[in-house]
file coords-v3.pdb (PDB, C-alpha atoms)
ATOM      1  CA  MET A   1      11.310 -21.519 -26.103
ATOM      2  CA  ALA A   2       8.623 -20.044 -23.826
ATOM      3  CA  GLU A   3       9.142 -22.771 -21.272
ATOM      4  CA  GLU A   4      12.841 -21.951 -21.113
ATOM      5  CA  TRP A   5      12.447 -18.291 -20.123
ATOM      6  CA  LYS A   6       9.551 -19.116 -17.818
ATOM      7  CA  GLY A   7      11.883 -21.560 -16.099
ATOM      8  CA  ALA A   8      14.195 -18.618 -15.440
ATOM      9  CA  LEU A   9      11.264 -16.730 -13.885
ATOM     10  CA  SER A  10      10.565 -19.696 -11.621
ATOM     11  CA  ALA A  11      14.153 -19.730 -10.400
ATOM     12  CA  TYR A  12      13.942 -15.987  -9.763
ATOM     13  CA  ILE A  13      10.786 -16.374  -7.639
ATOM     14  CA  GLN A  14      12.401 -19.135  -5.582
ATOM     15  CA  GLN A  15      15.382 -16.884  -4.885
ATOM     16  CA  GLN A  16      13.074 -14.031  -3.902
ATOM     17  CA  ASN A  17      11.266 -16.273  -1.427
ATOM     18  CA  LYS A  18      14.565 -17.096   0.245
ATOM     19  CA  ASP A  19      15.699 -13.478   0.321
ATOM     20  CA  GLU A  20      12.531 -12.377   2.175
ATOM     21  CA  VAL A  21      13.255 -14.536   5.224
ATOM     22  CA  ASP A  22      16.804 -15.927   4.973
ATOM     23  CA  PHE A  23      19.501 -13.279   4.993
ATOM     24  CA  ARG A  24      22.562 -15.514   4.744
ATOM     25  CA  PRO A  25      24.758 -15.293   1.618
ATOM     26  CA  ASN A  26      23.342 -17.135  -1.368
ATOM     27  CA  ALA A  27      24.764 -20.629  -1.748
ATOM     28  CA  VAL A  28      23.907 -20.837  -5.453
ATOM     29  CA  PRO A  29      24.642 -18.380  -8.281
ATOM     30  CA  THR A  30      21.857 -15.905  -8.952
ATOM     31  CA  ILE A  31      20.043 -15.880 -12.283
ATOM     32  CA  VAL A  32      20.060 -12.055 -12.200
ATOM     33  CA  THR A  33      22.898 -10.149 -13.852
ATOM     34  CA  ASP A  34      21.563  -6.622 -13.186
ATOM     35  CA  LEU A  35      24.369  -5.233 -11.016
ATOM     36  CA  GLU A  36      22.416  -2.216  -9.774
ATOM     37  CA  TYR A  37      19.601  -4.492  -8.619
ATOM     38  CA  LEU A  38      22.015  -6.932  -6.968
ATOM     39  CA  ILE A  39      23.628  -4.136  -4.953
ATOM     40  CA  GLN A  40      20.231  -2.798  -3.925
ATOM     41  CA  ARG A  41      18.983  -6.282  -3.077
ATOM     42  CA  GLY A  42      22.034  -7.025  -0.925
ATOM     43  CA  GLU A  43      21.558  -3.783   0.996
ATOM     44  CA  ARG A  44      17.886  -4.561   1.472
ATOM     45  CA  ARG A  45      18.578  -8.048   2.830
ATOM     46  CA  GLN A  46      20.971  -6.588   5.380
ATOM     47  CA  ALA A  47      18.403  -3.927   6.313
ATOM     48  CA  LEU A  48      15.669  -6.567   6.702
ATOM     49  CA  SER A  49      17.894  -8.650   8.984
ATOM     50  CA  GLU A  50      18.476  -5.641  11.243
ATOM     51  CA  TRP A  51      14.779  -4.667  11.035
ATOM     52  CA  TYR A  52      13.577  -8.051  12.286
ATOM     53  CA  GLY A  53      16.216  -7.929  15.015
ATOM     54  CA  ARG A  54      15.025  -4.553  16.329
ATOM     55  CA  ARG A  55      11.454  -5.872  16.358
ATOM     56  CA  ARG A  56      12.524  -9.072  18.132
ATOM     57  CA  ALA A  57      10.744 -10.963  15.406
ATOM     58  CA  PHE A  58      11.915 -14.040  13.545
ATOM     59  CA  PRO A  59      10.979 -14.645   9.891
ATOM     60  CA  LEU A  60       9.739 -18.192   9.297
ATOM     61  CA  ARG A  61       8.813 -18.610   5.645
ATOM     62  CA  SER A  62       7.761 -16.752   2.529
ATOM     63  CA  GLU A  63       5.346 -17.846  -0.177
ATOM     64  CA  THR A  64       5.080 -16.017  -3.499
ATOM     65  CA  ARG A  65       2.489 -16.540  -6.187
ATOM     66  CA  ALA A  66       3.514 -14.912  -9.442
ATOM     67  CA  LYS A  67       1.077 -13.752 -12.103
ATOM     68  CA  LEU A  68       2.244 -12.782 -15.574
ATOM     69  CA  LEU A  69       0.413  -9.523 -16.259
ATOM     70  CA  ARG A  70       1.694  -8.854 -19.763
ATOM     71  CA  GLU A  71       4.480  -9.519 -22.220
ATOM     72  CA  LEU A  72       5.833  -6.171 -23.383
ATOM     73  CA  ALA A  73       8.300  -7.717 -25.796
ATOM     74  CA  ASN A  74       8.960 -11.261 -26.923
ATOM     75  CA  ARG A  75      11.799 -11.669 -29.386
ATOM     76  CA  GLN A  76      13.942 -14.658 -30.118
ATOM     77  CA  ASP A  77      16.617 -13.839 -27.554
ATOM     78  CA  GLU A  78      14.933 -11.241 -25.330
ATOM     79  CA  VAL A  79      11.661 -11.060 -23.384
ATOM     80  CA  GLN A  80      10.258  -8.247 -21.229
ATOM     81  CA  VAL A  81       7.373  -8.959 -18.858
ATOM     82  CA  ASP A  82       5.378  -7.366 -16.062
ATOM     83  CA  LEU A  83       4.862  -9.587 -13.021
ATOM     84  CA  GLN A  84       2.487  -9.345 -10.094
ATOM     85  CA  LEU A  85       3.876 -10.994  -6.974
ATOM     86  CA  HIS A  86       1.509 -11.980  -4.166
ATOM     87  CA  ARG A  87       3.761 -12.416  -1.157
ATOM     88  CA  THR A  88       2.690 -14.085   2.077
ATOM     89  CA  ILE A  89       5.252 -13.825   4.857
ATOM     90  CA  TYR A  90       5.080 -15.637   8.197
ATOM     91  CA  TYR A  91       7.102 -14.522  11.192
ATOM     92  CA  GLU A  92       7.180 -15.245  14.922
ATOM     93  CA  LYS A  93       7.145 -12.674  17.679
ATOM     94  CA  GLY A  94       6.525 -13.275  21.361
ATOM     95  CA  GLY A  95       5.561 -16.886  20.745
ATOM     96  CA  VAL A  96       2.859 -15.872  18.239
ATOM     97  CA  THR A  97       2.995 -16.600  14.496
ATOM     98  CA  HIS A  98       1.988 -13.597  12.399
ATOM     99  CA  LYS A  99       1.033 -13.485   8.728
ATOM    100  CA  GLU A 100       1.277 -10.500   6.414
ATOM    101  CA  GLU A 101       0.500 -10.160   2.721
ATOM    102  CA  ARG A 102       1.392  -7.680   0.012
ATOM    103  CA  MET A 103       1.139  -7.344  -3.750
ATOM    104  CA  ASP A 104       4.301  -6.193  -5.537
ATOM    105  CA  GLN A 105       4.872  -5.520  -9.217
ATOM    106  CA  GLU A 106       8.106  -5.807 -11.144
ATOM    107  CA  ARG A 107       9.200  -5.465 -14.747
ATOM    108  CA  LEU A 108      11.831  -7.985 -15.827
ATOM    109  CA  THR A 109      13.935  -8.113 -18.953
ATOM    110  CA  LEU A 110      15.258 -11.591 -19.772
ATOM    111  CA  GLN A 111      17.946 -12.378 -22.320
ATOM    112  CA  GLN A 112      19.247 -15.603 -23.796
ATOM    113  CA  GLU A 113      22.934 -16.169 -24.412
ATOM    114  CA  ASP A 114      24.484 -19.490 -25.426
ATOM    115  CA  GLY A 115      21.194 -21.225 -24.736
ATOM    116  CA  ASN A 116      20.876 -19.916 -21.171
ATOM    117  CA  TRP A 117      18.324 -17.369 -19.995
ATOM    118  CA  SER A 118      19.219 -14.710 -17.425
ATOM    119  CA  ILE A 119      17.467 -11.649 -16.054
ATOM    120  CA  ILE A 120      19.439  -8.642 -17.207
ATOM    121  CA  ARG A 121      17.223  -5.951 -15.699
ATOM    122  CA  VAL A 122      14.841  -5.756 -12.736
ATOM    123  CA  GLU A 123      12.622  -2.685 -12.372
ATOM    124  CA  ILE A 124      10.864  -2.488  -9.008
ATOM    125  CA  GLN A 125       7.513  -0.685  -9.188
ATOM    126  CA  VAL A 126       7.572   1.394  -5.979
ATOM    127  CA  ALA A 127       3.865   2.222  -5.931
ATOM    128  CA  GLU A 128       3.884   3.815  -2.463
ATOM    129  CA  ARG A 129       6.216   6.497  -3.781
ATOM    130  CA  HIS A 130       4.354   8.476  -6.402
ATOM    131  CA  PRO A 131       4.284  12.049  -7.733
ATOM    132  CA  HIS A 132       0.778  12.935  -6.515
ATOM    133  CA  THR A 133       1.809  14.522  -3.222
ATOM    134  CA  GLY A 134      -0.182  17.730  -3.592
ATOM    135  CA  LEU A 135      -3.512  18.438  -5.197
ATOM    136  CA  PRO A 136      -3.516  16.568  -8.519
ATOM    137  CA  TYR A 137      -6.017  18.820 -10.276
ATOM    138  CA  THR A 138      -5.983  22.118 -12.131
ATOM    139  CA  ALA A 139      -6.744  25.458 -10.519
ATOM    140  CA  GLU A 140     -10.026  25.455 -12.429
ATOM    141  CA  ASP A 141     -11.005  22.150 -10.856
ATOM    142  CA  THR A 142     -10.078  23.445  -7.407
ATOM    143  CA  ASP A 143     -12.731  26.150  -7.747
ATOM    144  CA  LEU A 144     -15.429  23.672  -8.769
ATOM    145  CA  GLU A 145     -18.501  23.787  -6.564
ATOM    146  CA  ILE A 146     -21.034  20.942  -6.512
ATOM    147  CA  PRO A 147     -24.613  22.217  -5.984
ATOM    148  CA  ARG A 148     -25.983  21.207  -2.601
ATOM    149  CA  SER A 149     -29.341  20.487  -4.223
ATOM    150  CA  LEU A 150     -27.935  17.320  -5.786
ATOM    151  CA  ALA A 151     -28.357  13.961  -4.108
ATOM    152  CA  GLY A 152     -26.120  13.052  -1.185
ATOM    153  CA  PRO A 153     -22.754  11.332  -1.448
ATOM    154  CA  TYR A 154     -22.622   8.319  -3.741
ATOM    155  CA  LEU A 155     -22.316   5.591  -1.123
ATOM    156  CA  ASN A 156     -23.993   2.193  -1.116
ATOM    157  CA  ARG A 157     -25.020   1.320   2.450
ATOM    158  CA  GLU A 158     -25.908  -2.262   1.518
ATOM    159  CA  VAL A 159     -22.404  -2.895   0.212
ATOM    160  CA  LEU A 160     -20.823  -1.177   3.197
ATOM    161  CA  GLY A 161     -22.901  -3.247   5.612
ATOM    162  CA  PHE A 162     -25.265  -0.671   7.095
ATOM    163  CA  GLY A 163     -28.482  -1.799   5.419
ATOM    164  CA  GLY A 164     -31.220   0.786   5.678
ATOM    165  CA  SER A 165     -30.501   1.895   9.215
ATOM    166  CA  GLY A 166     -29.339   5.358  10.122
ATOM    167  CA  ARG A 167     -25.783   6.058  11.173
ATOM    168  CA  GLY A 168     -24.858   6.310  14.811
ATOM    169  CA  ASN A 169     -22.316   8.563  16.485
ATOM    170  CA  VAL A 170     -19.914   5.818  17.580
ATOM    171  CA  TYR A 171     -16.821   4.986  15.559
ATOM    172  CA  ASN A 172     -16.997   1.223  15.083
ATOM    173  CA  ARG A 173     -13.308   0.478  14.840
ATOM    174  CA  SER A 174     -13.851  -3.233  14.226
ATOM    175  CA  GLU A 175     -16.100  -2.458  11.244
ATOM    176  CA  ALA A 176     -13.465  -0.131   9.763
ATOM    177  CA  ALA A 177     -10.778  -2.805  10.131
ATOM    178  CA  ALA A 178     -13.091  -5.516   8.780
ATOM    179  CA  TYR A 179     -13.800  -3.424   5.674
ATOM    180  CA  ALA A 180     -10.068  -2.876   5.148
ATOM    181  CA  ASP A 181      -9.489  -6.639   5.474
ATOM    182  CA  ARG A 182     -12.373  -7.400   3.084
ATOM    183  CA  TRP A 183     -11.133  -5.089   0.316
ATOM    184  CA  TRP A 184      -7.360  -5.039   0.883
ATOM    185  CA  ASN A 185      -6.628  -6.708  -2.446
ATOM    186  CA  SER A 186      -9.608  -5.634  -4.544
ATOM    187  CA  ALA A 187     -11.769  -2.613  -5.214
ATOM    188  CA  ASN A 188     -15.301  -2.075  -4.000
ATOM    189  CA  PRO A 189     -17.187  -1.635  -7.311
ATOM    190  CA  GLU A 190     -19.396   1.068  -5.807
ATOM    191  CA  PHE A 191     -16.448   3.459  -5.743
ATOM    192  CA  GLU A 192     -14.077   4.895  -8.295
ATOM    193  CA  GLU A 193     -10.693   3.141  -8.174
ATOM    194  CA  PHE A 194      -7.738   5.509  -8.432
ATOM    195  CA  ALA A 195      -4.376   4.777 -10.036
ATOM    196  CA  VAL A 196      -2.944   5.880  -6.680
ATOM    197  CA  ASP A 197      -5.653   4.418  -4.462
ATOM    198  CA  CYS A 198      -4.238   4.393  -0.927
ATOM    199  CA  THR A 199      -6.168   7.347   0.482
ATOM    200  CA  ASN A 200      -9.421   6.537  -1.316
ATOM    201  CA  PHE A 201      -9.232   3.065   0.276
ATOM    202  CA  ILE A 202      -8.544   4.500   3.747
ATOM    203  CA  SER A 203     -11.452   6.938   3.417
ATOM    204  CA  GLN A 204     -13.812   4.107   2.467
ATOM    205  CA  SER A 205     -12.656   2.120   5.498
ATOM    206  CA  LEU A 206     -13.206   5.065   7.850
ATOM    207  CA  PHE A 207     -16.678   5.607   6.435
ATOM    208  CA  ALA A 208     -17.469   1.913   6.859
ATOM    209  CA  GLY A 209     -16.647   2.332  10.557
ATOM    210  CA  GLY A 210     -19.089   5.222  10.928
ATOM    211  CA  ALA A 211     -16.945   8.290  10.184
ATOM    212  CA  PRO A 212     -19.407  11.013   9.081
ATOM    213  CA  ILE A 213     -19.228  12.681   5.681
ATOM    214  CA  ASN A 214     -18.440  16.403   5.865
ATOM    215  CA  TYR A 215     -19.947  17.591   2.581
ATOM    216  CA  THR A 216     -18.987  21.126   1.526
ATOM    217  CA  GLY A 217     -19.335  20.833  -2.240
ATOM    218  CA  LYS A 218     -15.778  22.142  -2.612
ATOM    219  CA  ARG A 219     -12.866  19.843  -3.335
ATOM    220  CA  GLU A 220     -10.447  21.707  -1.127
ATOM    221  CA  SER A 221     -12.578  21.482   2.021
ATOM    222  CA  GLY A 222     -14.500  18.899   4.020
ATOM    223  CA  TRP A 223     -14.256  15.144   3.585
ATOM    224  CA  TRP A 224     -16.732  13.712   1.107
ATOM    225  CA  TYR A 225     -17.374  11.598  -1.994
ATOM    226  CA  LYS A 226     -20.102  11.711  -4.666
ATOM    227  CA  GLY A 227     -18.659   9.778  -7.607
ATOM    228  CA  TYR A 228     -19.230  11.648 -10.861
ATOM    229  CA  VAL A 229     -21.561  14.620 -11.254
ATOM    230  CA  GLY A 230     -22.205  15.831 -14.785
ATOM    231  CA  GLY A 231     -19.250  13.808 -16.027
ATOM    232  CA  LYS A 232     -16.873  15.526 -13.590
ATOM    233  CA  GLU A 233     -15.056  13.965 -10.657
ATOM    234  CA  ALA A 234     -16.813  14.876  -7.424
ATOM    235  CA  TRP A 235     -14.942  14.141  -4.226
ATOM    236  CA  SER A 236     -12.860  16.165  -1.828
ATOM    237  CA  PHE A 237      -9.096  16.173  -2.047
ATOM    238  CA  SER A 238      -9.032  14.870   1.530
ATOM    239  CA  TRP A 239     -10.920  11.753   0.408
ATOM    240  CA  SER A 240      -8.379  10.790  -2.226
ATOM    241  CA  VAL A 241      -5.002  12.509  -1.613
ATOM    242  CA  ALA A 242      -2.712  11.603   1.305
ATOM    243  CA  ASN A 243      -1.345  15.127   1.663
ATOM    244  CA  SER A 244      -4.867  16.550   1.897
ATOM    245  CA  LEU A 245      -6.119  13.870   4.303
ATOM    246  CA  GLU A 246      -3.152  14.679   6.558
ATOM    247  CA  ARG A 247      -4.172  18.351   6.594
ATOM    248  CA  TYR A 248      -7.823  17.488   7.250
ATOM    249  CA  LEU A 249      -7.011  15.229  10.197
ATOM    250  CA  SER A 250      -4.378  17.641  11.548
ATOM    251  CA  GLY A 251      -7.104  20.287  11.615
ATOM    252  CA  GLY A 252      -9.257  18.114  13.841
ATOM    253  CA  GLY A 253     -11.329  16.464  11.135
ATOM    254  CA  LEU A 254     -13.058  13.271  12.377
ATOM    255  CA  GLY A 255     -12.025  14.311  15.869
ATOM    256  CA  ALA A 256      -8.480  13.188  15.081
ATOM    257  CA  LYS A 257      -5.572  13.919  17.386
ATOM    258  CA  VAL A 258      -1.898  13.542  16.543
ATOM    259  CA  VAL A 259      -0.128  11.161  18.932
ATOM    260  CA  ASP A 260       3.600  10.685  19.373
ATOM    261  CA  HIS A 261       3.988   6.912  19.252
ATOM    262  CA  PRO A 262       2.472   4.087  17.184
ATOM    263  CA  GLN A 263       1.704   2.176  20.389
ATOM    264  CA  GLN A 264      -0.844   4.906  21.189
ATOM    265  CA  LEU A 265      -2.927   3.978  18.148
ATOM    266  CA  HIS A 266      -6.077   1.877  18.256
ATOM    267  CA  LEU A 267      -7.823  -0.282  15.677
ATOM    268  CA  GLY A 268      -9.123   1.898  12.851
ATOM    269  CA  ASP A 269      -6.613   4.712  13.405
ATOM    270  CA  VAL A 270      -4.552   6.185  10.567
ATOM    271  CA  ILE A 271      -0.852   6.555   9.735
ATOM    272  CA  ILE A 272       0.276   8.907   6.951
ATOM    273  CA  TYR A 273       3.802   8.808   5.475
ATOM    274  CA  ASP A 274       6.183  11.472   4.159
ATOM    275  CA  TRP A 275       9.018   9.449   2.636
ATOM    276  CA  ASP A 276      11.470  12.329   2.170
ATOM    277  CA  GLY A 277      10.686  14.418   5.241
ATOM    278  CA  ASN A 278       9.871  17.421   3.065
ATOM    279  CA  GLY A 279       6.356  18.015   4.388
ATOM    280  CA  LYS A 280       4.561  16.355   1.468
ATOM    281  CA  TYR A 281       2.703  13.246   2.587
ATOM    282  CA  GLU A 282       2.434  10.495   0.000
ATOM    283  CA  HIS A 283       0.930   7.378   1.544
ATOM    284  CA  SER A 284      -1.887   6.440   3.944
ATOM    285  CA  THR A 285      -2.620   3.268   5.929
ATOM    286  CA  ILE A 286      -5.202   2.105   8.456
ATOM    287  CA  VAL A 287      -4.503   0.066  11.604
ATOM    288  CA  THR A 288      -6.171  -3.361  11.286
ATOM    289  CA  ALA A 289      -4.325  -5.518  13.850
ATOM    290  CA  PHE A 290      -1.454  -5.568  16.348
ATOM    291  CA  ASP A 291       1.549  -7.835  16.758
ATOM    292  CA  ALA A 292       2.379  -9.708  19.956
ATOM    293  CA  GLY A 293       4.316  -6.689  21.204
ATOM    294  CA  GLY A 294       1.417  -4.265  20.681
ATOM    295  CA  ALA A 295       2.833  -2.617  17.547
ATOM    296  CA  PRO A 296       0.223  -1.726  14.922
ATOM    297  CA  LEU A 297      -0.171  -3.668  11.688
ATOM    298  CA  VAL A 298      -1.745  -1.856   8.758
ATOM    299  CA  ASN A 299      -3.638  -2.354   5.505
ATOM    300  CA  ALA A 300      -3.169  -0.254   2.387
ATOM    301  CA  HIS A 301      -3.826   0.034  -1.325
ATOM    302  CA  THR A 302      -1.592   1.028  -4.257
ATOM    303  CA  THR A 303       0.846  -1.609  -3.088
ATOM    304  CA  ASN A 304      -1.981  -3.679  -1.672
ATOM    305  CA  SER A 305      -1.009  -4.837   1.818
ATOM    306  CA  LYS A 306      -2.662  -6.665   4.694
ATOM    307  CA  HIS A 307      -1.391  -6.672   8.297
ATOM    308  CA  ARG A 308       1.905  -5.099   7.270
ATOM    309  CA  TYR A 309       4.232  -3.817   9.976
ATOM    310  CA  TRP A 310       3.491  -0.121  10.417
ATOM    311  CA  ASP A 311       6.930   1.424   9.774
ATOM    312  CA  TYR A 312       7.237   0.212   6.134
ATOM    313  CA  ARG A 313      10.985  -0.295   6.406
ATOM    314  CA  ASP A 314      10.523  -3.283   4.102
ATOM    315  CA  SER A 315       9.358  -0.931   1.332
ATOM    316  CA  TYR A 316      11.662   0.477  -1.331
ATOM    317  CA  ALA A 317       9.825   3.778  -0.738
ATOM    318  CA  TRP A 318      11.195   4.104   2.804
ATOM    319  CA  THR A 319      14.154   6.401   3.427
ATOM    320  CA  LYS A 320      16.054   7.448   6.541
ATOM    321  CA  ASN A 321      14.207  10.783   6.295
ATOM    322  CA  THR A 322      10.734   9.215   6.484
ATOM    323  CA  VAL A 323       8.300  11.096   8.750
ATOM    324  CA  TYR A 324       5.145   9.518  10.165
ATOM    325  CA  ARG A 325       1.919  11.166  11.334
ATOM    326  CA  PHE A 326      -0.029   9.043  13.796
ATOM    327  CA  PHE A 327      -3.723   9.953  14.010
ATOM    328  CA  HIS A 328      -6.003   8.670  16.746
ATOM    329  CA  LEU A 329      -9.608   9.198  15.680
ATOM    330  CA  ALA A 330     -12.431  10.082  18.031
ATOM    331  CA  ASP A 331     -14.494   7.251  19.515
ATOM    332  CA  ARG A 332     -17.625   9.366  18.975
ATOM    333  CA  PHE A 333     -18.325  11.926  16.269
TER     334      PHE A 333
END
call {"tool": "encode", "arguments": {"input": "coords-v3.pdb", "output": "structure tokens"}}
result
Amino acid sequence: MAEEWKGALSAYIQQQNKDEVDFRPNAVPTIVTDLEYLIQRGERRQALSEWYGRRRAFPLRSETRAKLLRELANRQDEVQVDLQLHRTIYYEKGGVTHKEERMDQERLTLQQEDGNWSIIRVEIQVAERHPHTGLPYTAEDTDLEIPRSLAGPYLNREVLGFGGSGRGNVYNRSEAAAYADRWWNSANPEFEEFAVDCTNFISQSLFAGGAPINYTGKRESGWWYKGYVGGKEAWSFSWSVANSLERYLSGGGLGAKVVDHPQQLHLGDVIIYDWDGNGKYEHSTIVTAFDAGGAPLVNAHTTNSKHRYWDYRDSYAWTKNTVYRFFHLADRF
């Protein structure tokens, strides 16, 4: 019985691979019967076709490795599972083949009828779009002060690659990008991993490149991380919350300047996303590479991504109201 419904999953993954790079109508019937998903998927395929066209890029192939995370229900005629999908997509632009990776999660409900398994519901986990757009702590926590007499920020220089040497004043953009590439799909064990981890990951990458800690002891100011002090969380909002990092950088933190176009960004710069255009920023990325046309490619956590095209139009989180903030960090601090 298990092999039968897992066969349906295999067929689903094969169809997904095709849909990521081949936008022609399906030649074979789909195994999915979720009408809402099928409408959304058709719209997305059309949008992807136009997106590649605007970029003058040509999708080549998609590879997906699926991991069964858990079985939420397993009855005789119905199974519900959570899947992790590691997608690797190759595309050509300007005569150069590019490779991007991302980790998606989906919840599928499968049902058997007359001996045939079909997928009756597909729930896309849109991790980039999450409710923590403001300060996700209580007013009491906001007033928490960490005594300055305690040890410095909880950061392991050996793990981050600095050894015992002191920090310089130069922002090593290559080191920041290398850290983001090293940890794009895992968590550095020396840091707390957040359920919504995008900004925590970006902050670690900036620090790895030489960005200096601005320790104030207050969560609502500075840019700093200590781990846990006395059993309480001890890091600034700007370290872990996209909306707060946007405010910190907009105020000149890390010598950041807002630029108008993504082509003005350099390696190690930051993009922050407001999906609804309502002034609440929800997602952060770091520039780790460029395509053949000079457009930035970014890494991120939450939906773990490596060398993803900067505008995120391939994300279910993106809307026509999406606003971007492009931050060019100082070369020296």
call {"tool": "atom_distance", "arguments": {"input": "coords-v3.pdb", "atom1": "CA of Pro25 in chain A", "atom2": "CA of His307 in chain A"}}
result
28.3 Å
call {"tool": "atom_distance", "arguments": {"input": "coords-v3.pdb", "atom1": "CA of Phe23 in chain A", "atom2": "CA of Thr303 in chain A"}}
result
23.4 Å
call {"tool": "atom_distance", "arguments": {"input": "coords-v3.pdb", "atom1": "CA of Thr216 in chain A", "atom2": "CA of Phe237 in chain A"}}
result
11.6 Å
call {"tool": "closest_residue", "arguments": {"input": "coords-v3.pdb", "among": "A:Gln46, A:Asn321, A:Gln76, A:Asn299", "to": "Trp5 in chain A", "atoms": "all atoms listed in the file"}}
result
A:Gln76
call {"tool": "closest_residue", "arguments": {"input": "coords-v3.pdb", "among": "A:Leu69, A:Gln16, A:Ala180, A:Arg313", "to": "Glu50 in chain A", "atoms": "all atoms listed in the file"}}
result
A:Arg313
call {"tool": "resolve_selection", "arguments": {"input": "coords-v3.pdb", "expression": "the PyMOL selection byres ((chain A and resi 29) around 12)", "output": "list in words"}}
result
Ala11, Tyr12, Gln15, Pro25, Asn26, Ala27, Val28, Thr30, Ile31, Val32, Thr33, Leu38 and Ser118 of chain A
call {"tool": "write_last_selection", "arguments": {"input": "coords-v3.pdb", "atoms": "C-alpha atoms", "output": "PDB file, in the frame of the given file"}}
result
ATOM      1  CA  ALA A  11      14.153 -19.730 -10.400  1.00  0.00           C
ATOM      2  CA  TYR A  12      13.942 -15.987  -9.763  1.00  0.00           C
ATOM      3  CA  GLN A  15      15.382 -16.884  -4.885  1.00  0.00           C
ATOM      4  CA  PRO A  25      24.758 -15.293   1.618  1.00  0.00           C
ATOM      5  CA  ASN A  26      23.342 -17.135  -1.368  1.00  0.00           C
ATOM      6  CA  ALA A  27      24.764 -20.629  -1.748  1.00  0.00           C
ATOM      7  CA  VAL A  28      23.907 -20.837  -5.453  1.00  0.00           C
ATOM      8  CA  THR A  30      21.857 -15.905  -8.952  1.00  0.00           C
ATOM      9  CA  ILE A  31      20.043 -15.880 -12.283  1.00  0.00           C
ATOM     10  CA  VAL A  32      20.060 -12.055 -12.200  1.00  0.00           C
ATOM     11  CA  THR A  33      22.898 -10.149 -13.852  1.00  0.00           C
ATOM     12  CA  LEU A  38      22.015  -6.932  -6.968  1.00  0.00           C
ATOM     13  CA  SER A 118      19.219 -14.710 -17.425  1.00  0.00           C
TER      14      SER A 118
END
